[in-house]
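Undergrad: Contents of model-v9.tsv (TSV, C-alpha atoms) are below:
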```tsv
chain	number	residue	atom	x	y	z
A	1	MET	CA	16.19	17.26	-4.45
A	2	ALA	CA	16.21	21.03	-3.94
A	3	VAL	CA	13.04	23.05	-3.57
A	4	SER	CA	13.66	24.86	-6.87
A	5	GLN	CA	13.98	21.56	-8.70
A	6	ILE	CA	10.69	20.36	-7.25
A	7	VAL	CA	8.95	23.58	-8.28
A	8	ASN	CA	10.35	23.31	-11.82
A	9	LEU	CA	9.22	19.67	-11.98
A	10	LEU	CA	5.66	20.61	-11.06
A	11	ARG	CA	5.29	23.67	-13.30
A	12	GLY	CA	7.27	22.21	-16.22
A	13	SER	CA	10.03	23.68	-18.38
A	14	VAL	CA	11.18	23.80	-21.99
A	15	ARG	CA	14.65	24.20	-23.51
A	16	LEU	CA	14.84	26.87	-26.27
A	17	GLU	CA	17.43	27.55	-28.92
A	18	VAL	CA	17.44	31.14	-30.25
A	19	ALA	CA	19.42	31.84	-33.41
A	20	GLY	CA	19.86	35.26	-35.06
A	21	ASP	CA	22.08	38.26	-35.54
A	22	PHE	CA	21.42	39.75	-32.10
A	23	PRO	CA	20.27	37.03	-29.66
A	24	GLU	CA	21.38	39.18	-26.74
A	25	ARG	CA	18.55	41.59	-27.55
A	26	PHE	CA	16.16	38.66	-27.10
A	27	LEU	CA	17.50	38.16	-23.56
A	28	ASN	CA	17.01	41.87	-22.79
A	29	LEU	CA	13.39	41.78	-23.96
A	30	CYS	CA	12.73	38.65	-21.83
A	31	ALA	CA	14.14	40.45	-18.80
A	32	GLN	CA	12.01	43.54	-19.48
A	33	ARG	CA	8.93	41.37	-19.89
A	34	GLY	CA	9.63	39.57	-16.57
A	35	THR	CA	10.13	36.12	-18.11
A	36	ALA	CA	12.33	33.97	-15.89
A	37	PHE	CA	15.09	31.98	-17.64
A	38	TRP	CA	18.09	29.97	-16.52
A	39	ALA	CA	20.82	27.61	-17.77
A	40	VAL	CA	21.97	30.07	-20.46
A	41	GLU	CA	24.53	28.73	-22.96
A	42	TRP	CA	26.29	30.36	-25.98
A	43	PRO	CA	27.33	27.74	-28.52
A	44	ASP	CA	28.45	30.57	-30.77
A	45	SER	CA	28.04	34.32	-31.12
A	46	HIS	CA	24.74	33.99	-33.03
A	47	THR	CA	23.14	31.13	-31.09
A	48	LEU	CA	21.67	31.19	-27.59
A	49	ARG	CA	20.25	28.33	-25.51
A	50	LEU	CA	18.17	28.85	-22.39
A	51	THR	CA	15.45	27.23	-20.31
A	52	VAL	CA	12.13	28.89	-19.45
A	53	ALA	CA	9.07	27.84	-17.51
A	54	TRP	CA	6.35	25.98	-19.42
A	55	GLN	CA	3.71	28.67	-18.94
A	56	ASP	CA	6.13	31.45	-20.05
A	57	ARG	CA	6.92	29.95	-23.47
A	58	ARG	CA	3.92	31.67	-25.09
A	59	GLY	CA	4.69	35.14	-26.48
A	60	LEU	CA	8.38	34.42	-26.98
A	61	GLU	CA	7.84	33.99	-30.74
A	62	GLU	CA	6.81	37.68	-30.93
A	63	LEU	CA	9.93	38.73	-29.08
A	64	ALA	CA	12.06	36.64	-31.42
A	65	GLN	CA	10.48	38.27	-34.49
A	66	ARG	CA	11.12	41.74	-33.06
A	67	THR	CA	14.82	40.91	-32.70
A	68	GLY	CA	15.11	39.06	-36.02
A	69	CYS	CA	15.71	35.68	-34.37
A	70	GLN	CA	14.23	32.24	-34.75
A	71	ILE	CA	13.20	29.97	-31.85
A	72	ARG	CA	13.31	26.19	-31.85
A	73	GLU	CA	11.93	24.19	-28.90
A	74	GLY	CA	14.06	21.38	-27.58
A	75	GLU	CA	13.79	19.09	-24.57
A	76	LYS	CA	10.62	19.41	-22.47
A	77	GLY	CA	10.39	18.32	-18.85
A	78	GLY	CA	8.10	18.40	-15.83
A	79	MET	CA	4.50	17.47	-15.18
A	80	PRO	CA	2.57	19.56	-17.81
A	81	PRO	CA	4.47	18.18	-20.86
A	82	PHE	CA	4.12	14.67	-19.49
A	83	LEU	CA	0.34	15.01	-19.13
A	84	LEU	CA	-0.04	16.51	-22.60
A	85	ARG	CA	1.22	13.27	-24.10
A	86	PHE	CA	-1.99	11.59	-22.95
A	87	ARG	CA	-4.47	14.34	-23.82
A	88	ARG	CA	-6.17	11.99	-26.32
A	89	ARG	CA	-5.92	8.89	-24.14
A	90	TYR	CA	-9.07	9.33	-22.13
A	91	ALA	CA	-8.88	5.98	-20.37
A	92	PHE	CA	-5.46	6.85	-18.99
A	93	LEU	CA	-6.65	10.26	-17.82
A	94	VAL	CA	-9.67	8.71	-16.12
A	95	GLY	CA	-7.46	6.12	-14.44
A	96	LEU	CA	-4.98	8.76	-13.32
A	97	SER	CA	-7.81	10.90	-11.93
A	98	LEU	CA	-9.22	7.93	-10.05
A	99	ALA	CA	-5.78	7.10	-8.69
A	100	ILE	CA	-5.26	10.67	-7.47
A	101	LEU	CA	-8.75	10.61	-5.96
A	102	ALA	CA	-8.01	7.32	-4.24
A	103	VAL	CA	-4.77	8.67	-2.77
A	104	CYS	CA	-6.33	11.93	-1.60
A	105	PHE	CA	-9.77	10.66	-0.57
A	106	LEU	CA	-9.75	6.92	0.17
A	107	ASN	CA	-6.63	7.31	2.29
A	108	ARG	CA	-8.85	8.76	5.01
A	109	PHE	CA	-11.08	5.66	5.17
A	110	VAL	CA	-10.24	2.46	7.06
A	111	LEU	CA	-10.08	-0.45	4.61
A	112	VAL	CA	-7.88	-2.98	6.45
A	113	ILE	CA	-8.08	-3.99	10.13
A	114	GLU	CA	-5.21	-6.00	11.62
A	115	VAL	CA	-5.34	-7.62	15.07
A	116	GLU	CA	-2.11	-8.56	16.84
A	117	GLY	CA	-1.27	-9.98	20.25
A	118	ASN	CA	-4.22	-12.34	20.80
A	119	ASP	CA	-3.69	-16.03	21.47
A	120	ARG	CA	-6.69	-17.41	23.36
A	121	VAL	CA	-9.31	-14.93	22.13
A	122	PRO	CA	-10.18	-15.60	18.44
A	123	THR	CA	-9.54	-12.77	16.01
A	124	GLN	CA	-13.07	-12.98	14.62
A	125	ILE	CA	-14.55	-12.29	18.07
A	126	ILE	CA	-12.37	-9.19	18.43
A	127	LEU	CA	-13.29	-7.98	14.93
A	128	SER	CA	-16.98	-8.55	15.65
A	129	GLU	CA	-16.79	-6.49	18.85
A	130	LEU	CA	-14.81	-3.75	17.07
A	131	ARG	CA	-17.59	-3.56	14.49
A	132	ARG	CA	-20.15	-3.14	17.28
A	133	GLN	CA	-18.06	-0.28	18.65
A	134	GLY	CA	-17.91	1.45	15.25
A	135	LEU	CA	-14.58	0.28	13.79
A	136	ARG	CA	-15.26	-1.57	10.52
A	137	PRO	CA	-13.97	-1.49	6.93
A	138	GLY	CA	-15.18	1.65	5.15
A	139	VAL	CA	-15.53	3.89	8.20
A	140	TYR	CA	-14.16	7.45	8.05
A	141	GLY	CA	-10.91	7.35	10.01
A	142	PRO	CA	-10.72	10.92	11.43
A	143	SER	CA	-14.22	10.53	12.93
A	144	LEU	CA	-13.22	7.55	15.10
A	145	ALA	CA	-12.77	7.96	18.85
A	146	VAL	CA	-10.16	5.23	19.18
A	147	ARG	CA	-9.91	5.51	22.97
A	148	ASP	CA	-13.66	5.05	23.41
A	149	ILE	CA	-13.56	2.09	21.03
A	150	SER	CA	-10.78	0.43	23.03
A	151	ASN	CA	-12.58	1.00	26.33
A	152	GLY	CA	-15.83	-0.37	24.90
A	153	VAL	CA	-14.13	-3.57	23.74
A	154	LEU	CA	-12.43	-4.04	27.12
A	155	LEU	CA	-15.80	-3.81	28.87
A	156	GLN	CA	-17.29	-6.50	26.62
A	157	LEU	CA	-14.40	-8.98	26.38
A	158	ASP	CA	-13.30	-10.14	29.82
A	159	ASP	CA	-10.24	-12.04	28.54
A	160	ILE	CA	-8.56	-8.86	27.21
A	161	SER	CA	-6.76	-6.60	29.67
A	162	TRP	CA	-5.42	-3.88	27.32
A	163	MET	CA	-6.08	-2.65	23.77
A	164	ALA	CA	-4.71	0.09	21.53
A	165	VAL	CA	-6.07	1.15	18.13
A	166	ASN	CA	-3.61	2.92	15.81
A	167	LEU	CA	-4.66	4.36	12.46
A	168	HIS	CA	-2.14	4.34	9.59
A	169	GLY	CA	-3.93	5.63	6.49
A	170	ILE	CA	-6.26	2.90	5.23
A	171	ARG	CA	-4.95	0.44	7.84
A	172	ALA	CA	-6.12	0.14	11.44
A	173	HIS	CA	-3.64	-1.74	13.64
A	174	VAL	CA	-5.25	-3.19	16.77
A	175	LEU	CA	-2.82	-4.35	19.46
A	176	VAL	CA	-4.26	-6.36	22.37
A	177	ARG	CA	-2.96	-7.96	25.55
A	178	GLU	CA	-4.81	-10.87	27.10
A	179	LYS	CA	-5.40	-11.40	30.80
A	180	VAL	CA	-3.28	-13.94	32.62
A	181	PRO	CA	-5.60	-16.80	33.68
A	182	LYS	CA	-6.21	-17.00	37.40
A	183	PRO	CA	-4.75	-20.08	39.07
A	184	GLU	CA	-7.31	-22.59	40.21
A	185	LEU	CA	-7.73	-22.28	43.96
A	186	VAL	CA	-8.64	-25.30	46.07
A	187	ASP	CA	-11.15	-24.69	48.84
A	188	GLU	CA	-9.65	-26.74	51.66
A	189	SER	CA	-12.70	-26.15	53.82
A	190	ILE	CA	-14.62	-28.68	51.68
A	191	LEU	CA	-13.72	-32.07	53.11
A	192	GLY	CA	-13.85	-35.37	51.25
A	193	ASP	CA	-12.01	-38.35	49.74
A	194	ILE	CA	-10.31	-39.14	46.46
A	195	VAL	CA	-11.95	-42.18	44.89
A	196	ALA	CA	-11.25	-44.23	41.77
A	197	GLU	CA	-12.91	-43.01	38.60
A	198	ALA	CA	-12.03	-46.01	36.41
A	199	PRO	CA	-10.92	-49.61	37.01
A	200	GLY	CA	-7.18	-50.18	36.94
A	201	ILE	CA	-3.96	-51.01	38.75
A	202	VAL	CA	-2.34	-48.33	40.92
A	203	THR	CA	1.22	-47.63	39.72
A	204	ARG	CA	2.09	-44.44	41.59
A	205	MET	CA	0.69	-42.52	44.53
A	206	GLU	CA	1.56	-39.06	45.72
A	207	VAL	CA	-0.38	-37.98	48.81
A	208	TRP	CA	-0.44	-34.27	49.65
A	209	SER	CA	-3.18	-34.30	52.27
A	210	GLY	CA	-5.02	-37.21	53.83
A	211	ASP	CA	-4.14	-40.87	54.33
A	212	GLU	CA	-3.40	-43.62	51.81
A	213	ALA	CA	-6.24	-46.11	51.48
A	214	VAL	CA	-4.54	-48.44	48.95
A	215	ALA	CA	-0.98	-49.35	48.14
A	216	GLU	CA	0.87	-49.25	44.84
A	217	GLY	CA	0.08	-52.36	42.79
A	218	ALA	CA	-3.45	-52.68	44.14
A	219	THR	CA	-6.38	-53.28	41.80
A	220	VAL	CA	-9.26	-50.84	42.17
A	221	VAL	CA	-12.71	-50.42	40.69
A	222	PRO	CA	-14.76	-47.24	40.29
A	223	GLY	CA	-15.84	-45.88	43.68
A	224	ASP	CA	-12.97	-47.35	45.74
A	225	VAL	CA	-11.37	-44.83	48.12
A	226	LEU	CA	-7.77	-44.12	47.14
A	227	ILE	CA	-6.90	-41.33	49.57
A	228	ARG	CA	-9.01	-40.92	52.72
A	229	GLY	CA	-9.98	-37.43	53.80
A	230	SER	CA	-8.68	-37.91	57.36
A	231	VAL	CA	-5.36	-37.82	59.17
A	232	GLN	CA	-4.52	-40.17	62.06
A	233	MET	CA	-3.45	-38.31	65.20
A	234	ASP	CA	-1.61	-40.65	67.57
A	235	PRO	CA	-1.82	-39.91	71.30
A	236	PRO	CA	1.32	-39.11	73.30
A	237	GLN	CA	3.54	-42.08	74.22
A	238	TRP	CA	2.44	-43.98	77.37
A	239	SER	CA	-0.86	-42.15	77.19
A	240	GLU	CA	-4.19	-43.93	77.55
A	241	GLN	CA	-5.95	-41.49	75.22
A	242	PRO	CA	-7.52	-43.10	72.10
A	243	VAL	CA	-6.31	-42.56	68.56
A	244	ARG	CA	-8.10	-39.63	66.96
A	245	TRP	CA	-8.79	-38.80	63.31
A	246	MET	CA	-8.84	-35.26	61.97
A	247	PRO	CA	-11.00	-34.73	58.84
A	248	VAL	CA	-9.23	-32.93	55.98
A	249	ARG	CA	-9.65	-32.48	52.29
A	250	ALA	CA	-7.88	-35.34	50.54
A	251	MET	CA	-5.40	-34.12	47.93
A	252	GLY	CA	-2.85	-35.96	45.87
A	253	LYS	CA	-2.16	-37.75	42.61
A	254	VAL	CA	-2.91	-41.39	41.91
A	255	GLU	CA	-1.71	-42.81	38.60
A	256	GLY	CA	-2.52	-46.24	37.28
A	257	ARG	CA	-2.82	-48.55	34.31
A	258	THR	CA	-6.29	-48.86	32.82
A	259	TRP	CA	-7.90	-50.76	29.98
A	260	ARG	CA	-10.60	-48.97	28.06
A	261	THR	CA	-13.00	-50.44	25.51
A	262	LEU	CA	-14.81	-48.17	23.05
A	263	THR	CA	-17.22	-49.19	20.28
A	264	ALA	CA	-18.55	-47.40	17.20
A	265	SER	CA	-20.76	-48.50	14.33
A	266	ILE	CA	-21.88	-47.28	10.90
A	267	PRO	CA	-24.34	-48.59	8.27
A	268	LEU	CA	-22.74	-50.00	5.12
A	269	THR	CA	-25.22	-48.17	2.89
A	270	ALA	CA	-25.85	-44.44	2.70
A	271	GLU	CA	-27.64	-41.89	0.61
A	272	GLY	CA	-25.46	-40.39	-2.09
A	273	LYS	CA	-25.75	-37.69	-4.74
A	274	ALA	CA	-26.32	-38.14	-8.46
A	275	TYR	CA	-25.92	-34.83	-10.31
A	276	THR	CA	-28.55	-34.16	-12.98
A	277	GLY	CA	-26.41	-31.77	-15.02
A	278	GLU	CA	-28.56	-28.73	-14.25
A	279	LYS	CA	-26.79	-25.77	-12.71
A	280	SER	CA	-27.22	-22.07	-12.09
A	281	THR	CA	-24.58	-19.36	-11.61
A	282	ARG	CA	-25.06	-16.20	-9.57
A	283	TRP	CA	-22.66	-13.27	-9.16
A	284	SER	CA	-22.43	-10.69	-6.39
A	285	VAL	CA	-20.01	-8.00	-5.24
A	286	THR	CA	-19.37	-6.76	-1.70
A	287	ILE	CA	-17.94	-3.27	-1.21
A	288	LEU	CA	-17.22	-2.01	2.31
A	289	GLY	CA	-19.59	-4.59	3.80
A	290	GLN	CA	-22.47	-3.79	1.41
A	291	ARG	CA	-23.44	-6.69	-0.86
A	292	ARG	CA	-24.90	-6.16	-4.34
A	293	ASP	CA	-26.39	-9.13	-6.25
A	294	PHE	CA	-26.31	-9.28	-10.04
A	295	PHE	CA	-29.21	-11.70	-10.47
A	296	GLN	CA	-32.84	-10.74	-10.80
A	297	ASN	CA	-34.53	-13.80	-9.35
A	298	GLY	CA	-33.32	-14.58	-5.85
A	299	GLY	CA	-35.12	-17.93	-5.70
A	300	ILE	CA	-33.37	-21.29	-6.13
A	301	PRO	CA	-34.84	-23.40	-8.96
A	302	PHE	CA	-33.76	-26.79	-7.53
A	303	ASP	CA	-35.10	-28.86	-4.62
A	304	ARG	CA	-31.71	-30.42	-3.87
A	305	TYR	CA	-28.48	-28.73	-4.83
A	306	ASP	CA	-24.86	-28.17	-3.91
A	307	LYS	CA	-23.56	-24.62	-3.63
A	308	ILE	CA	-19.98	-23.98	-4.73
A	309	SER	CA	-18.72	-20.50	-3.85
A	310	ASN	CA	-15.64	-18.83	-5.30
A	311	THR	CA	-14.55	-15.50	-3.83
A	312	TRP	CA	-11.93	-13.14	-5.21
A	313	ASN	CA	-10.61	-10.54	-2.77
A	314	LEU	CA	-8.81	-7.36	-3.82
A	315	THR	CA	-5.44	-7.19	-2.05
A	316	LEU	CA	-2.67	-4.64	-1.79
A	317	PRO	CA	0.87	-5.41	-3.07
A	318	GLY	CA	1.96	-6.18	0.49
A	319	GLY	CA	-0.72	-8.85	0.89
A	320	ASP	CA	-3.25	-6.89	2.97
A	321	ALA	CA	-6.83	-7.68	1.98
A	322	LEU	CA	-9.21	-4.85	1.11
A	323	PRO	CA	-12.98	-4.98	1.78
A	324	PHE	CA	-13.79	-5.53	-1.90
A	325	PHE	CA	-15.06	-9.01	-2.84
A	326	LEU	CA	-16.34	-10.58	-6.04
A	327	ARG	CA	-18.29	-13.79	-5.40
A	328	ARG	CA	-19.53	-16.46	-7.79
A	329	GLU	CA	-22.05	-19.06	-6.55
A	330	THR	CA	-22.64	-22.17	-8.65
A	331	LEU	CA	-25.72	-24.26	-7.81
A	332	ARG	CA	-25.61	-27.89	-9.04
A	333	ALA	CA	-28.81	-29.93	-8.88
A	334	TYR	CA	-28.71	-33.56	-7.72
A	335	GLU	CA	-30.93	-36.49	-6.77
A	336	THR	CA	-30.42	-38.82	-3.81
A	337	VAL	CA	-29.56	-42.47	-4.49
A	338	SER	CA	-28.61	-45.36	-2.22
A	339	LEU	CA	-24.90	-46.14	-2.46
A	340	PRO	CA	-22.76	-48.83	-0.84
A	341	ILE	CA	-19.96	-47.79	1.52
A	342	ASP	CA	-16.49	-49.24	1.20
A	343	PRO	CA	-15.98	-51.34	4.39
A	344	ALA	CA	-12.24	-50.62	4.49
A	345	SER	CA	-12.75	-46.84	4.28
A	346	ALA	CA	-15.58	-46.96	6.83
A	347	GLN	CA	-13.42	-48.99	9.24
A	348	ALA	CA	-10.52	-46.53	8.88
A	349	MET	CA	-12.87	-43.63	9.63
A	350	LEU	CA	-14.32	-45.31	12.74
A	351	GLU	CA	-10.85	-46.23	14.01
A	352	GLU	CA	-9.76	-42.60	13.68
A	353	ARG	CA	-12.83	-41.37	15.56
A	354	LEU	CA	-12.35	-43.95	18.33
A	355	LEU	CA	-8.76	-42.78	18.84
A	356	GLU	CA	-9.99	-39.17	19.03
A	357	LYS	CA	-12.59	-40.19	21.61
A	358	LEU	CA	-9.91	-42.02	23.62
A	359	GLY	CA	-7.75	-38.89	23.60
A	360	GLU	CA	-10.66	-36.83	24.93
A	361	LEU	CA	-11.22	-39.33	27.76
A	362	LEU	CA	-7.54	-39.38	28.75
A	363	GLY	CA	-7.16	-35.61	28.66
A	364	GLU	CA	-3.81	-33.92	29.09
A	365	THR	CA	-2.65	-36.08	32.02
A	366	GLY	CA	-3.14	-39.52	30.49
A	367	ARG	CA	-1.42	-41.33	27.65
A	368	GLU	CA	-2.07	-44.39	25.54
A	369	VAL	CA	0.36	-47.32	25.90
A	370	SER	CA	-1.03	-49.68	23.24
A	371	HIS	CA	-4.29	-50.42	21.45
A	372	THR	CA	-5.92	-52.99	19.20
A	373	PHE	CA	-8.96	-52.92	16.91
A	374	SER	CA	-11.51	-55.56	16.08
A	375	ALA	CA	-14.21	-55.21	13.42
A	376	GLY	CA	-17.25	-57.18	12.31
A	377	GLN	CA	-20.46	-56.80	10.35
A	378	ARG	CA	-23.90	-57.36	11.82
A	379	ASP	CA	-27.24	-56.73	10.05
A	380	GLY	CA	-25.68	-54.50	7.43
A	381	THR	CA	-23.78	-52.49	10.03
A	382	LEU	CA	-20.02	-52.31	10.55
A	383	VAL	CA	-19.01	-52.46	14.23
A	384	VAL	CA	-15.47	-51.50	15.29
A	385	THR	CA	-14.18	-52.01	18.85
A	386	LEU	CA	-11.10	-50.35	20.33
A	387	THR	CA	-9.28	-51.93	23.26
A	388	ALA	CA	-6.53	-49.73	24.68
A	389	GLU	CA	-4.07	-49.96	27.55
A	390	CYS	CA	-3.49	-46.55	29.10
A	391	GLU	CA	-1.72	-44.73	31.89
A	392	GLU	CA	-3.86	-42.02	33.45
A	393	GLU	CA	-4.99	-40.29	36.60
A	394	LEU	CA	-7.34	-42.66	38.45
A	395	GLY	CA	-8.67	-40.48	41.26
A	396	ARG	CA	-11.27	-37.75	41.53
A	397	PHE	CA	-12.33	-35.75	44.53
A	398	VAL	CA	-15.70	-36.57	46.13
A	399	PRO	CA	-16.97	-34.23	48.87
A	400	ALA	CA	-17.97	-35.82	52.15
A	401	GLN	CA	-21.69	-36.25	52.75
```
If you took the structure in this file and wrote it as structure tokens, what would it be?

TA:
Amino acid sequence: MAVSQIVNLLRGSVRLEVAGDFPERFLNLCAQRGTAFWAVEWPDSHTLRLTVAWQDRRGLEELAQRTGCQIREGEKGGMPPFLLRFRRRYAFLVGLSLAILAVCFLNRFVLVIEVEGNDRVPTQIILSELRRQGLRPGVYGPSLAVRDISNGVLLQLDDISWMAVNLHGIRAHVLVREKVPKPELVDESILGDIVAEAPGIVTRMEVWSGDEAVAEGATVVPGDVLIRGSVQMDPPQWSEQPVRWMPVRAMGKVEGRTWRTLTASIPLTAEGKAYTGEKSTRWSVTILGQRRDFFQNGGIPFDRYDKISNTWNLTLPGGDALPFFLRRETLRAYETVSLPIDPASAQAMLEERLLEKLGELLGETGREVSHTFSAGQRDGTLVVTLTAECEEELGRFVPAQ
């Protein structure tokens, strides 16, 4: 679009039809008056069509009367005629004014903060530290010293090696790079043995430093030495010197089959909730981190209650959330009653927790081969036992005394 077209769109224009005996005299008077016109057409010798600016249309009736012509307005275009259509629609004008204000004013405030590039460091921790450094929803964007904010976060969060804060209107894009974890270094000056941590059968041994104390297929119990922290140094052939042992730090991997037994229990009765039917609803709104409650009495009228919260967040068409929240809290009163627990559901829950506990014990290096469950009731309590066959790392390093 040309510059002249943009100017005409902003100032508005109107198409006029001038009919009379001497319409050319009307054009001469417009030129003498300094009224700009364009797109002149002559349908016939007594009719003239032209376009003038919206603000120049006043006073043309007088010129037409002086020349014995009549003027009829035709098509109107541009911003002023468009706005005049809504001169009696006050709600629309208020909304349009607020929209223009939002574009011109709110565009300079940070409303959305996006964090990208983090894997090990949680986003909430980064956002919390950014807030401490001054970057939060609702802050005035041009007043932010983004380099100082980035340096302040780097000093507080050791796991981040680099950060950049870029402002794009109402959106602050935070790009981070995390530090590469340092490899675990083994202090070989600390001498000792690798001993069994759990009972089992040795299935595989890999000795990196030290001397084997057991063979594959041997049965061990906790505390048995698997790899000795010493190396046999044989004397030269035909020498009468004794065999010597050099102390080292035992290192290696010892895998084996183990059998683990875990037990968990739960009462078959528990306290439950019986709702009385009483409830209370409270509303609040949060704008740019500032919460405003719409209830007079902040106290809770119930001794025991459940709180159900529903939050509606204002979002942009692209899905970015804005710091404007409407929250509804519903408080439902209840009384405690003794309720029986379904044994089958309780057993399923305990079995799931026992498997989770077994996974924590095995860690990343071990794996479960097979498992069985047994359950029984005793004195109103359900007892579930897990017996599992596993393959895992048997050894752990024990420094020499």

Undergrad: Would you kindly return, as a ChimeraX atom specification, each protein, DNA or RNA residue with an atom no farther than 7 Å from any atom of A:Ser265, considering all atoms listed in the file and excluding same-chain residues fewer than 5 positions away?

TA: /A:381-384

Undergrad: Just the number, please: distance in Å from atom CA of A:Asp211 to atom CA of A:Gly252, one decimal.

TA: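 About the pair atom CA of A:Asp211 and atom CA of A:Gly252: they are 9.9 Å apart.
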
Undergrad: Go through A:Asp187, A:Glu255, A:Asp148, A:Glu368 one by one, measure the shortest atom-to-atom distance of each to A:Thr219 using all atoms listed in the file, and give the residue with the smallest value.

TA: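 The shortest atom-to-atom distance to A:Thr219 comes from A:Glu255.
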
Undergrad: Let me make sure I understand: among A:Ala270, A:Leu9, A:Leu262, A:Val248, which one has the smallest atom-to-atom distance to A:Glu356 if we use only C-alpha atoms?

TA: A:Leu262

Undergrad: Name all residues at most 10 Å from A:Pro137 (count all atoms listed in the file; drop same-chain ones fewer than 3 positions away) and give them as number ranges by chain.

TA: A: 109-113, 131, 134, 140-141, 170-172, 287-289, 322-324

Undergrad: Using all atoms listed in the file, which of the listed residues (A:Val220, A:Gly12, A:Val225, A:Arg327) sits closest to A:Arg292?

TA: A:Arg327

Undergrad: To one decimal place in Å, what is the distance between atom CA of A:Val52 and atom CA of A:Leu29?

TA: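 Computed distance, atom CA of A:Val52 to atom CA of A:Leu29, equals 13.7 Å.
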
Undergrad: Would you mind putting N, CA and C atoms back on stretch 225-240 of chain A and writing the result as a PDB file, in the coordinates of the input?

TA:
```
ATOM      1  N   VAL A 225     -12.075 -45.965  47.545  1.00  0.00           N
ATOM      2  CA  VAL A 225     -11.370 -44.830  48.120  1.00  0.00           C
ATOM      3  C   VAL A 225      -9.869 -45.041  47.937  1.00  0.00           C
ATOM      4  N   LEU A 226      -9.212 -44.068  47.352  1.00  0.00           N
ATOM      5  CA  LEU A 226      -7.770 -44.120  47.140  1.00  0.00           C
ATOM      6  C   LEU A 226      -7.018 -43.338  48.201  1.00  0.00           C
ATOM      7  N   ILE A 227      -7.496 -42.149  48.515  1.00  0.00           N
ATOM      8  CA  ILE A 227      -6.900 -41.330  49.570  1.00  0.00           C
ATOM      9  C   ILE A 227      -8.044 -40.892  50.484  1.00  0.00           C
ATOM     10  N   ARG A 228      -7.953 -41.269  51.769  1.00  0.00           N
ATOM     11  CA  ARG A 228      -9.010 -40.920  52.720  1.00  0.00           C
ATOM     12  C   ARG A 228      -8.851 -39.467  53.159  1.00  0.00           C
ATOM     13  N   GLY A 229      -9.976 -38.811  53.355  1.00  0.00           N
ATOM     14  CA  GLY A 229      -9.980 -37.430  53.800  1.00  0.00           C
ATOM     15  C   GLY A 229      -9.890 -37.331  55.307  1.00  0.00           C
ATOM     16  N   SER A 230      -8.889 -37.959  55.901  1.00  0.00           N
ATOM     17  CA  SER A 230      -8.680 -37.910  57.360  1.00  0.00           C
ATOM     18  C   SER A 230      -7.215 -38.182  57.636  1.00  0.00           C
ATOM     19  N   VAL A 231      -6.742 -37.647  58.764  1.00  0.00           N
ATOM     20  CA  VAL A 231      -5.360 -37.820  59.170  1.00  0.00           C
ATOM     21  C   VAL A 231      -5.349 -38.423  60.583  1.00  0.00           C
ATOM     22  N   GLN A 232      -4.599 -39.521  60.753  1.00  0.00           N
ATOM     23  CA  GLN A 232      -4.520 -40.170  62.060  1.00  0.00           C
ATOM     24  C   GLN A 232      -3.644 -39.345  62.997  1.00  0.00           C
ATOM     25  N   MET A 233      -4.181 -39.062  64.185  1.00  0.00           N
ATOM     26  CA  MET A 233      -3.450 -38.310  65.200  1.00  0.00           C
ATOM     27  C   MET A 233      -3.206 -39.236  66.391  1.00  0.00           C
ATOM     28  N   ASP A 234      -1.966 -39.720  66.490  1.00  0.00           N
ATOM     29  CA  ASP A 234      -1.610 -40.650  67.570  1.00  0.00           C
ATOM     30  C   ASP A 234      -1.512 -39.907  68.893  1.00  0.00           C
ATOM     31  N   PRO A 235      -1.930 -40.534  69.977  1.00  0.00           N
ATOM     32  CA  PRO A 235      -1.820 -39.910  71.300  1.00  0.00           C
ATOM     33  C   PRO A 235      -0.367 -39.891  71.766  1.00  0.00           C
ATOM     34  N   PRO A 236      -0.049 -39.121  72.772  1.00  0.00           N
ATOM     35  CA  PRO A 236       1.320 -39.110  73.300  1.00  0.00           C
ATOM     36  C   PRO A 236       1.724 -40.507  73.798  1.00  0.00           C
ATOM     37  N   GLN A 237       3.040 -40.777  73.762  1.00  0.00           N
ATOM     38  CA  GLN A 237       3.540 -42.080  74.220  1.00  0.00           C
ATOM     39  C   GLN A 237       3.203 -42.297  75.697  1.00  0.00           C
ATOM     40  N   TRP A 238       2.838 -43.548  76.030  1.00  0.00           N
ATOM     41  CA  TRP A 238       2.440 -43.980  77.370  1.00  0.00           C
ATOM     42  C   TRP A 238       1.129 -43.316  77.810  1.00  0.00           C
ATOM     43  N   SER A 239       0.424 -42.741  76.824  1.00  0.00           N
ATOM     44  CA  SER A 239      -0.860 -42.150  77.190  1.00  0.00           C
ATOM     45  C   SER A 239      -1.985 -43.147  76.934  1.00  0.00           C
ATOM     46  N   GLU A 240      -3.036 -43.048  77.729  1.00  0.00           N
ATOM     47  CA  GLU A 240      -4.190 -43.930  77.550  1.00  0.00           C
ATOM     48  C   GLU A 240      -5.264 -43.293  76.678  1.00  0.00           C
TER      49      GLU A 240
END
```
